[in-house]
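**Q** So here's input.txt, just compact mmCIF, N, CA and C atoms:
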# COMPACT_ATOMS: atom_id res chain seq x y z
N MET A 20 0.83 -1.16 0.00
CA MET A 20 0.00 0.00 0.00
C MET A 20 0.89 1.24 0.00
N LYS A 21 0.56 2.19 -0.87
CA LYS A 21 1.35 3.40 -1.02
C LYS A 21 1.06 4.38 0.11
N ASN A 22 2.09 5.08 0.56
CA ASN A 22 1.99 6.06 1.63
C ASN A 22 2.15 7.45 1.04
N ARG A 23 1.25 8.36 1.39
CA ARG A 23 1.30 9.69 0.79
C ARG A 23 2.50 10.50 1.29
N TYR A 24 2.97 10.24 2.50
CA TYR A 24 4.13 10.95 3.02
C TYR A 24 5.41 10.53 2.31
N ILE A 25 5.52 9.27 1.99
CA ILE A 25 6.68 8.79 1.22
C ILE A 25 6.63 9.37 -0.19
N ALA A 26 5.43 9.38 -0.79
CA ALA A 26 5.29 9.94 -2.13
C ALA A 26 5.65 11.43 -2.13
N ALA A 27 5.24 12.16 -1.11
CA ALA A 27 5.55 13.58 -1.02
C ALA A 27 7.05 13.79 -0.84
N ALA A 28 7.69 12.97 0.01
CA ALA A 28 9.13 13.10 0.22
C ALA A 28 9.90 12.80 -1.06
N LEU A 29 9.48 11.79 -1.79
CA LEU A 29 10.13 11.48 -3.06
C LEU A 29 9.91 12.61 -4.06
N ALA A 30 8.73 13.22 -4.05
CA ALA A 30 8.46 14.33 -4.96
C ALA A 30 9.34 15.53 -4.62
N PHE A 31 9.54 15.80 -3.33
CA PHE A 31 10.36 16.95 -2.94
C PHE A 31 11.84 16.74 -3.23
N PHE A 32 12.36 15.55 -2.94
CA PHE A 32 13.80 15.34 -3.02
C PHE A 32 14.26 14.72 -4.35
N LEU A 33 13.47 13.83 -4.93
CA LEU A 33 13.85 13.18 -6.18
C LEU A 33 12.80 13.35 -7.27
N GLY A 34 11.98 14.38 -7.13
CA GLY A 34 10.88 14.59 -8.08
C GLY A 34 11.34 14.91 -9.48
N GLY A 35 12.47 15.57 -9.61
CA GLY A 35 12.98 15.89 -10.94
C GLY A 35 13.32 14.65 -11.75
N LEU A 36 13.55 13.55 -11.07
CA LEU A 36 13.84 12.28 -11.74
C LEU A 36 12.60 11.39 -11.85
N GLY A 37 11.48 11.83 -11.30
CA GLY A 37 10.23 11.07 -11.39
C GLY A 37 10.11 9.94 -10.40
N ALA A 38 10.89 9.97 -9.32
CA ALA A 38 10.87 8.87 -8.36
C ALA A 38 9.49 8.68 -7.74
N HIS A 39 8.78 9.77 -7.48
CA HIS A 39 7.45 9.67 -6.87
C HIS A 39 6.46 9.02 -7.83
N LYS A 40 6.61 9.26 -9.11
CA LYS A 40 5.72 8.63 -10.10
C LYS A 40 5.98 7.13 -10.18
N PHE A 41 7.25 6.75 -10.17
CA PHE A 41 7.57 5.32 -10.19
C PHE A 41 7.07 4.64 -8.92
N TYR A 42 7.19 5.32 -7.78
CA TYR A 42 6.70 4.77 -6.51
C TYR A 42 5.19 4.53 -6.56
N LEU A 43 4.47 5.44 -7.21
CA LEU A 43 3.02 5.32 -7.30
C LEU A 43 2.57 4.41 -8.44
N GLY A 44 3.51 3.86 -9.18
CA GLY A 44 3.17 2.93 -10.25
C GLY A 44 2.79 3.59 -11.56
N LYS A 45 3.15 4.85 -11.73
CA LYS A 45 2.84 5.59 -12.95
C LYS A 45 4.10 5.65 -13.81
N TRP A 46 3.99 5.18 -15.03
CA TRP A 46 5.15 5.13 -15.91
C TRP A 46 5.45 6.46 -16.58
N ILE A 47 4.69 7.49 -16.26
CA ILE A 47 4.99 8.82 -16.78
C ILE A 47 6.29 9.35 -16.18
N GLY A 48 6.81 8.67 -15.19
CA GLY A 48 8.09 9.03 -14.61
C GLY A 48 9.22 9.00 -15.63
N ILE A 49 9.03 8.25 -16.69
CA ILE A 49 10.04 8.21 -17.77
C ILE A 49 10.18 9.58 -18.41
N ILE A 50 9.06 10.30 -18.56
CA ILE A 50 9.11 11.65 -19.13
C ILE A 50 9.86 12.58 -18.18
N TYR A 51 9.68 12.40 -16.89
CA TYR A 51 10.43 13.19 -15.91
C TYR A 51 11.92 12.94 -16.08
N LEU A 52 12.30 11.69 -16.31
CA LEU A 52 13.71 11.36 -16.51
C LEU A 52 14.26 11.99 -17.79
N LEU A 53 13.49 11.95 -18.85
CA LEU A 53 13.95 12.49 -20.12
C LEU A 53 14.15 14.00 -20.08
N PHE A 54 13.33 14.70 -19.32
CA PHE A 54 13.40 16.16 -19.28
C PHE A 54 13.95 16.71 -17.96
N CYS A 55 14.65 15.88 -17.19
CA CYS A 55 15.15 16.33 -15.89
C CYS A 55 16.16 17.46 -16.03
N TRP A 56 16.85 17.56 -17.12
CA TRP A 56 17.84 18.61 -17.32
C TRP A 56 17.20 19.98 -17.48
N THR A 57 15.89 20.06 -17.73
CA THR A 57 15.22 21.35 -17.92
C THR A 57 14.70 21.93 -16.62
N TYR A 58 14.72 21.19 -15.54
CA TYR A 58 14.21 21.58 -14.23
C TYR A 58 12.68 21.74 -14.21
N ILE A 59 12.02 21.58 -15.32
CA ILE A 59 10.55 21.65 -15.34
C ILE A 59 9.95 20.50 -14.53
N PRO A 60 10.43 19.27 -14.67
CA PRO A 60 9.88 18.20 -13.83
C PRO A 60 10.07 18.45 -12.34
N SER A 61 11.14 19.14 -11.96
CA SER A 61 11.35 19.45 -10.55
C SER A 61 10.29 20.40 -10.03
N ILE A 62 9.93 21.38 -10.83
CA ILE A 62 8.90 22.33 -10.42
C ILE A 62 7.55 21.64 -10.32
N ILE A 63 7.24 20.80 -11.31
CA ILE A 63 5.97 20.06 -11.30
C ILE A 63 5.93 19.11 -10.11
N ALA A 64 7.03 18.46 -9.84
CA ALA A 64 7.09 17.51 -8.71
C ALA A 64 6.93 18.23 -7.38
N LEU A 65 7.46 19.42 -7.26
CA LEU A 65 7.28 20.20 -6.04
C LEU A 65 5.79 20.49 -5.81
N ILE A 66 5.10 20.88 -6.86
CA ILE A 66 3.66 21.14 -6.77
C ILE A 66 2.90 19.86 -6.44
N GLU A 67 3.28 18.75 -7.08
CA GLU A 67 2.61 17.48 -6.80
C GLU A 67 2.86 17.03 -5.36
N GLY A 68 4.05 17.25 -4.86
CA GLY A 68 4.35 16.90 -3.47
C GLY A 68 3.48 17.68 -2.50
N ILE A 69 3.24 18.94 -2.80
CA ILE A 69 2.36 19.75 -1.96
C ILE A 69 0.94 19.20 -2.03
N PHE A 70 0.49 18.82 -3.22
CA PHE A 70 -0.86 18.25 -3.36
C PHE A 70 -1.00 16.94 -2.58
N TYR A 71 0.04 16.13 -2.57
CA TYR A 71 -0.03 14.88 -1.81
C TYR A 71 -0.24 15.16 -0.33
N LEU A 72 0.38 16.21 0.17
CA LEU A 72 0.26 16.54 1.58
C LEU A 72 -1.03 17.27 1.91
N VAL A 73 -1.49 18.14 1.02
CA VAL A 73 -2.68 18.94 1.28
C VAL A 73 -3.95 18.12 1.16
N ASN A 74 -4.04 17.29 0.14
CA ASN A 74 -5.22 16.44 -0.01
C ASN A 74 -5.24 15.41 1.10
N GLY A 75 -6.41 15.01 1.49
CA GLY A 75 -6.55 14.07 2.59
C GLY A 75 -6.09 12.67 2.25
N GLU A 76 -6.00 11.87 3.29
CA GLU A 76 -5.56 10.48 3.11
C GLU A 76 -6.58 9.68 2.32
N GLU A 77 -7.86 9.98 2.51
CA GLU A 77 -8.90 9.27 1.77
C GLU A 77 -8.79 9.53 0.27
N ASP A 78 -8.53 10.78 -0.11
CA ASP A 78 -8.36 11.10 -1.53
C ASP A 78 -7.15 10.40 -2.11
N PHE A 79 -6.06 10.40 -1.35
CA PHE A 79 -4.85 9.72 -1.83
C PHE A 79 -5.10 8.23 -1.99
N ASN A 80 -5.74 7.61 -0.99
CA ASN A 80 -6.02 6.18 -1.07
C ASN A 80 -6.97 5.86 -2.21
N ARG A 81 -7.95 6.72 -2.42
CA ARG A 81 -8.91 6.49 -3.50
C ARG A 81 -8.21 6.55 -4.86
N LYS A 82 -7.25 7.45 -4.99
CA LYS A 82 -6.59 7.62 -6.27
C LYS A 82 -5.48 6.60 -6.52
N TYR A 83 -4.70 6.30 -5.49
CA TYR A 83 -3.51 5.47 -5.70
C TYR A 83 -3.58 4.09 -5.08
N ASN A 84 -4.43 3.88 -4.09
CA ASN A 84 -4.51 2.58 -3.44
C ASN A 84 -5.83 1.87 -3.67
N CYS A 85 -6.82 2.56 -4.17
CA CYS A 85 -8.17 2.02 -4.37
C CYS A 85 -8.73 1.46 -3.07
N ARG A 86 -8.39 2.10 -1.96
CA ARG A 86 -8.89 1.71 -0.64
C ARG A 86 -9.16 2.95 0.17
N ILE A 87 -10.08 2.84 1.08
CA ILE A 87 -10.39 3.93 2.00
C ILE A 87 -10.21 3.40 3.40
N LYS A 88 -9.54 4.16 4.25
CA LYS A 88 -9.33 3.75 5.63
C LYS A 88 -10.63 3.90 6.40
N THR A 89 -10.97 2.87 7.14
CA THR A 89 -12.19 2.91 7.94
C THR A 89 -11.91 3.54 9.29
N SER A 90 -12.92 3.64 10.13
CA SER A 90 -12.75 4.27 11.43
C SER A 90 -11.91 3.42 12.37
N ARG A 91 -11.84 2.13 12.14
CA ARG A 91 -10.99 1.28 12.97
C ARG A 91 -9.54 1.44 12.55
N PRO A 92 -8.61 1.47 13.51
CA PRO A 92 -7.20 1.62 13.15
C PRO A 92 -6.70 0.43 12.35
N ASP A 93 -5.87 0.72 11.37
CA ASP A 93 -5.22 -0.29 10.53
C ASP A 93 -6.21 -1.19 9.80
N SER A 94 -7.35 -0.68 9.43
CA SER A 94 -8.28 -1.47 8.63
C SER A 94 -8.72 -0.65 7.42
N TYR A 95 -8.80 -1.31 6.31
CA TYR A 95 -9.14 -0.65 5.06
C TYR A 95 -10.24 -1.45 4.37
N ILE A 96 -11.02 -0.75 3.58
CA ILE A 96 -12.01 -1.42 2.74
C ILE A 96 -11.68 -1.10 1.30
N SER A 97 -12.01 -2.00 0.41
CA SER A 97 -11.78 -1.75 -1.00
C SER A 97 -12.75 -0.70 -1.48
N PHE A 98 -12.27 0.15 -2.35
CA PHE A 98 -13.10 1.19 -2.91
C PHE A 98 -13.19 1.00 -4.41
N ASN A 99 -14.35 0.74 -4.88
CA ASN A 99 -14.61 0.67 -6.31
C ASN A 99 -15.70 1.68 -6.60
N PRO A 100 -15.37 2.76 -7.31
CA PRO A 100 -16.39 3.77 -7.55
C PRO A 100 -17.54 3.19 -8.37
N PRO A 101 -18.77 3.60 -8.06
CA PRO A 101 -19.90 3.06 -8.79
C PRO A 101 -19.89 3.53 -10.24
N ILE A 102 -20.34 2.66 -11.09
CA ILE A 102 -20.43 2.99 -12.50
C ILE A 102 -21.73 3.74 -12.72
N ASN A 103 -21.64 4.94 -13.24
CA ASN A 103 -22.81 5.77 -13.46
C ASN A 103 -23.35 5.48 -14.85
N THR A 104 -24.37 4.66 -14.91
CA THR A 104 -24.95 4.31 -16.20
C THR A 104 -25.91 5.36 -16.70
N SER A 105 -26.32 6.28 -15.84
CA SER A 105 -27.27 7.30 -16.29
C SER A 105 -26.62 8.32 -17.20
N SER A 106 -25.28 8.44 -17.15
CA SER A 106 -24.62 9.42 -18.00
C SER A 106 -24.26 8.86 -19.37
N THR A 107 -24.43 7.56 -19.58
CA THR A 107 -24.14 7.00 -20.87
C THR A 107 -25.35 7.17 -21.78
N PRO A 108 -25.11 7.47 -23.04
CA PRO A 108 -26.24 7.69 -23.93
C PRO A 108 -27.04 6.41 -24.15
N ARG A 109 -28.32 6.52 -24.06
CA ARG A 109 -29.22 5.41 -24.33
C ARG A 109 -30.03 5.78 -25.57
N LEU A 110 -29.43 5.59 -26.72
CA LEU A 110 -30.05 6.05 -27.94
C LEU A 110 -31.35 5.31 -28.26
N SER A 111 -31.49 4.09 -27.76
CA SER A 111 -32.72 3.35 -28.05
C SER A 111 -33.89 3.89 -27.23
N ASP A 112 -33.62 4.58 -26.11
CA ASP A 112 -34.68 5.10 -25.26
C ASP A 112 -35.11 6.51 -25.63
N THR A 113 -34.36 7.16 -26.49
CA THR A 113 -34.67 8.56 -26.79
C THR A 113 -35.85 8.66 -27.73
N THR A 114 -36.58 9.73 -27.54
CA THR A 114 -37.66 10.05 -28.47
C THR A 114 -37.25 11.31 -29.21
N ASP A 115 -38.09 11.80 -30.08
CA ASP A 115 -37.75 12.99 -30.85
C ASP A 115 -37.68 14.23 -29.98
N THR A 116 -38.31 14.21 -28.81
CA THR A 116 -38.33 15.39 -27.96
C THR A 116 -37.22 15.39 -26.92
N ASP A 117 -36.57 14.25 -26.68
CA ASP A 117 -35.48 14.21 -25.71
C ASP A 117 -34.23 14.85 -26.31
N ILE A 118 -33.43 15.47 -25.44
CA ILE A 118 -32.20 16.13 -25.88
C ILE A 118 -31.02 15.41 -25.24
N VAL A 119 -30.09 14.95 -26.06
CA VAL A 119 -28.89 14.26 -25.59
C VAL A 119 -27.77 15.28 -25.47
N CYS A 120 -27.14 15.32 -24.32
CA CYS A 120 -26.05 16.26 -24.07
C CYS A 120 -24.84 15.87 -24.92
N PRO A 121 -24.26 16.81 -25.67
CA PRO A 121 -23.10 16.47 -26.50
C PRO A 121 -21.83 16.22 -25.70
N GLN A 122 -21.79 16.70 -24.45
CA GLN A 122 -20.58 16.53 -23.65
C GLN A 122 -20.57 15.21 -22.88
N CYS A 123 -21.66 14.92 -22.15
CA CYS A 123 -21.65 13.73 -21.29
C CYS A 123 -22.60 12.64 -21.78
N GLY A 124 -23.50 12.95 -22.70
CA GLY A 124 -24.40 11.94 -23.23
C GLY A 124 -25.65 11.73 -22.41
N HIS A 125 -25.88 12.54 -21.40
CA HIS A 125 -27.07 12.42 -20.55
C HIS A 125 -28.31 12.80 -21.35
N ILE A 126 -29.40 12.06 -21.16
CA ILE A 126 -30.64 12.35 -21.87
C ILE A 126 -31.47 13.29 -21.01
N ASN A 127 -31.75 14.47 -21.54
CA ASN A 127 -32.49 15.50 -20.84
C ASN A 127 -33.90 15.59 -21.40
N GLU A 128 -34.78 16.13 -20.59
CA GLU A 128 -36.17 16.30 -21.02
C GLU A 128 -36.26 17.36 -22.11
N ALA A 129 -37.34 17.29 -22.86
CA ALA A 129 -37.57 18.25 -23.94
C ALA A 129 -37.69 19.65 -23.35
N GLY A 130 -37.12 20.62 -24.03
CA GLY A 130 -37.18 22.00 -23.58
C GLY A 130 -36.10 22.38 -22.59
N SER A 131 -35.21 21.45 -22.24
CA SER A 131 -34.13 21.76 -21.30
C SER A 131 -33.11 22.65 -21.98
N ASN A 132 -32.65 23.66 -21.28
CA ASN A 132 -31.61 24.54 -21.81
C ASN A 132 -30.22 24.11 -21.39
N PHE A 133 -30.13 23.43 -20.23
CA PHE A 133 -28.85 22.99 -19.71
C PHE A 133 -28.96 21.50 -19.32
N CYS A 134 -27.83 20.79 -19.42
CA CYS A 134 -27.78 19.38 -19.05
C CYS A 134 -27.97 19.23 -17.54
N GLU A 135 -28.80 18.29 -17.13
CA GLU A 135 -29.04 18.03 -15.72
C GLU A 135 -27.84 17.39 -15.04
N SER A 136 -27.00 16.73 -15.81
CA SER A 136 -25.86 16.00 -15.25
C SER A 136 -24.61 16.87 -15.14
N CYS A 137 -24.22 17.53 -16.24
CA CYS A 137 -22.96 18.26 -16.23
C CYS A 137 -23.10 19.76 -16.33
N GLY A 138 -24.30 20.28 -16.65
CA GLY A 138 -24.53 21.71 -16.72
C GLY A 138 -24.18 22.33 -18.05
N GLN A 139 -23.80 21.53 -19.02
CA GLN A 139 -23.46 22.03 -20.35
C GLN A 139 -24.70 22.64 -21.02
N LYS A 140 -24.51 23.76 -21.73
CA LYS A 140 -25.63 24.38 -22.43
C LYS A 140 -26.01 23.50 -23.62
N LEU A 141 -27.29 23.25 -23.77
CA LEU A 141 -27.77 22.37 -24.83
C LEU A 141 -28.17 23.18 -26.06
Go ahead and render the structure in this file as structure tokens.

**A**
Amino acid sequence: MKNRYIAAALAFFLGGLGAHKFYLGKWIGIIYLLFCWTYIPSIIALIEGIFYLVNGEEDFNRKYNCRIKTSRPDSYISFNPPINTSSTPRLSDTTDTDIVCPQCGHINEAGSNFCESCGQKL
């Protein structure tokens, strides 16, 4: 299980080489290695290290460990985000008066000006 404090420390001290990305299992660290001479990866890694510390442990676990810590010490539950089937277009269910959002595919009622799901103007 990945630790956000270790990831932040790697981002601060070895972020220019992408060590924190490799620790988190992201192969984009190769790009950090290729461009380490420009110091741009170091700046990005510094910002990412701050984000690792500022965001909560639950957000970090949800993103990198797929687990959320429960109220009991040293216990975790698996986190699988629910699949939102309402945002997928259901072209067989649409009628001539329904409006399908071009951004998210949500089916809105006739006469809607904005998408109920994402707020995109229809």

**Q** List as a list in words the protein and nucleic acid residues near Ala26 of chain A, meaning an atom at most 9 Å away when only C-alpha atoms are counted, but skip any in the same chain fewer than 6 places from it.

**A** Ala38, His39, Lys40, Tyr42, Leu43, Gly68 and Tyr71 of chain A

**Q** Considering only C-alpha atoms, state which residue in the set A:Thr57, A:Asn127, A:Thr116, A:Ser136 is at the smallest distance from Gly35 of chain A.

**A**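 Once distances to Gly35 of chain A are computed over only C-alpha atoms, the minimum belongs to A:Thr57.
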
**Q** Within 6.5 Å of Ala27 of chain A, counting all atoms listed in the file, which residues qualify if same-chain residues fewer than 5 places away don't, as JSON, numbers by chain?

**A** {"A": [22, 32, 67, 68, 69, 71, 72]}

**Q** Can I get the selection written as a short mmCIF file (atom, residue, chain, number, x, y, z; two decimals), keeping the file's coordinate frame, with N, CA and C atoms?

**A**
data_model
loop_
_atom_site.label_atom_id
_atom_site.label_comp_id
_atom_site.auth_asym_id
_atom_site.auth_seq_id
_atom_site.Cartn_x
_atom_site.Cartn_y
_atom_site.Cartn_z
N ASN A 22 2.09 5.08 0.56
CA ASN A 22 1.99 6.06 1.63
C ASN A 22 2.15 7.45 1.04
N PHE A 32 12.36 15.55 -2.94
CA PHE A 32 13.80 15.34 -3.02
C PHE A 32 14.26 14.72 -4.35
N GLU A 67 3.28 18.75 -7.08
CA GLU A 67 2.61 17.48 -6.80
C GLU A 67 2.86 17.03 -5.36
N GLY A 68 4.05 17.25 -4.86
CA GLY A 68 4.35 16.90 -3.47
C GLY A 68 3.48 17.68 -2.50
N ILE A 69 3.24 18.94 -2.80
CA ILE A 69 2.36 19.75 -1.96
C ILE A 69 0.94 19.20 -2.03
N TYR A 71 0.04 16.13 -2.57
CA TYR A 71 -0.03 14.88 -1.81
C TYR A 71 -0.24 15.16 -0.33
N LEU A 72 0.38 16.21 0.17
CA LEU A 72 0.26 16.54 1.58
C LEU A 72 -1.03 17.27 1.91
#

**Q** Work out how far atom C of Glu135 of chain A is from atom C of Cys120 of chain A, in Å to one decimal.

**A**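 Atom-to-atom, atom C of Cys120 of chain A to atom C of Glu135 of chain A, that is 10.4 Å.
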
**Q** Please determine, counting only C-alpha atoms, which residue among A:Tyr24, A:Asn74, A:Ile63, A:Tyr83 has the shortest atom-to-atom distance to Gly44 of chain A.

**A**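 Smallest distance to Gly44 of chain A is found for A:Tyr83.
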
**Q** Rounded to one decimal, what separation in Å do you get between atom CA of Glu76 of chain A and atom CA of Cys137 of chain A?

**A** 27.2 Å
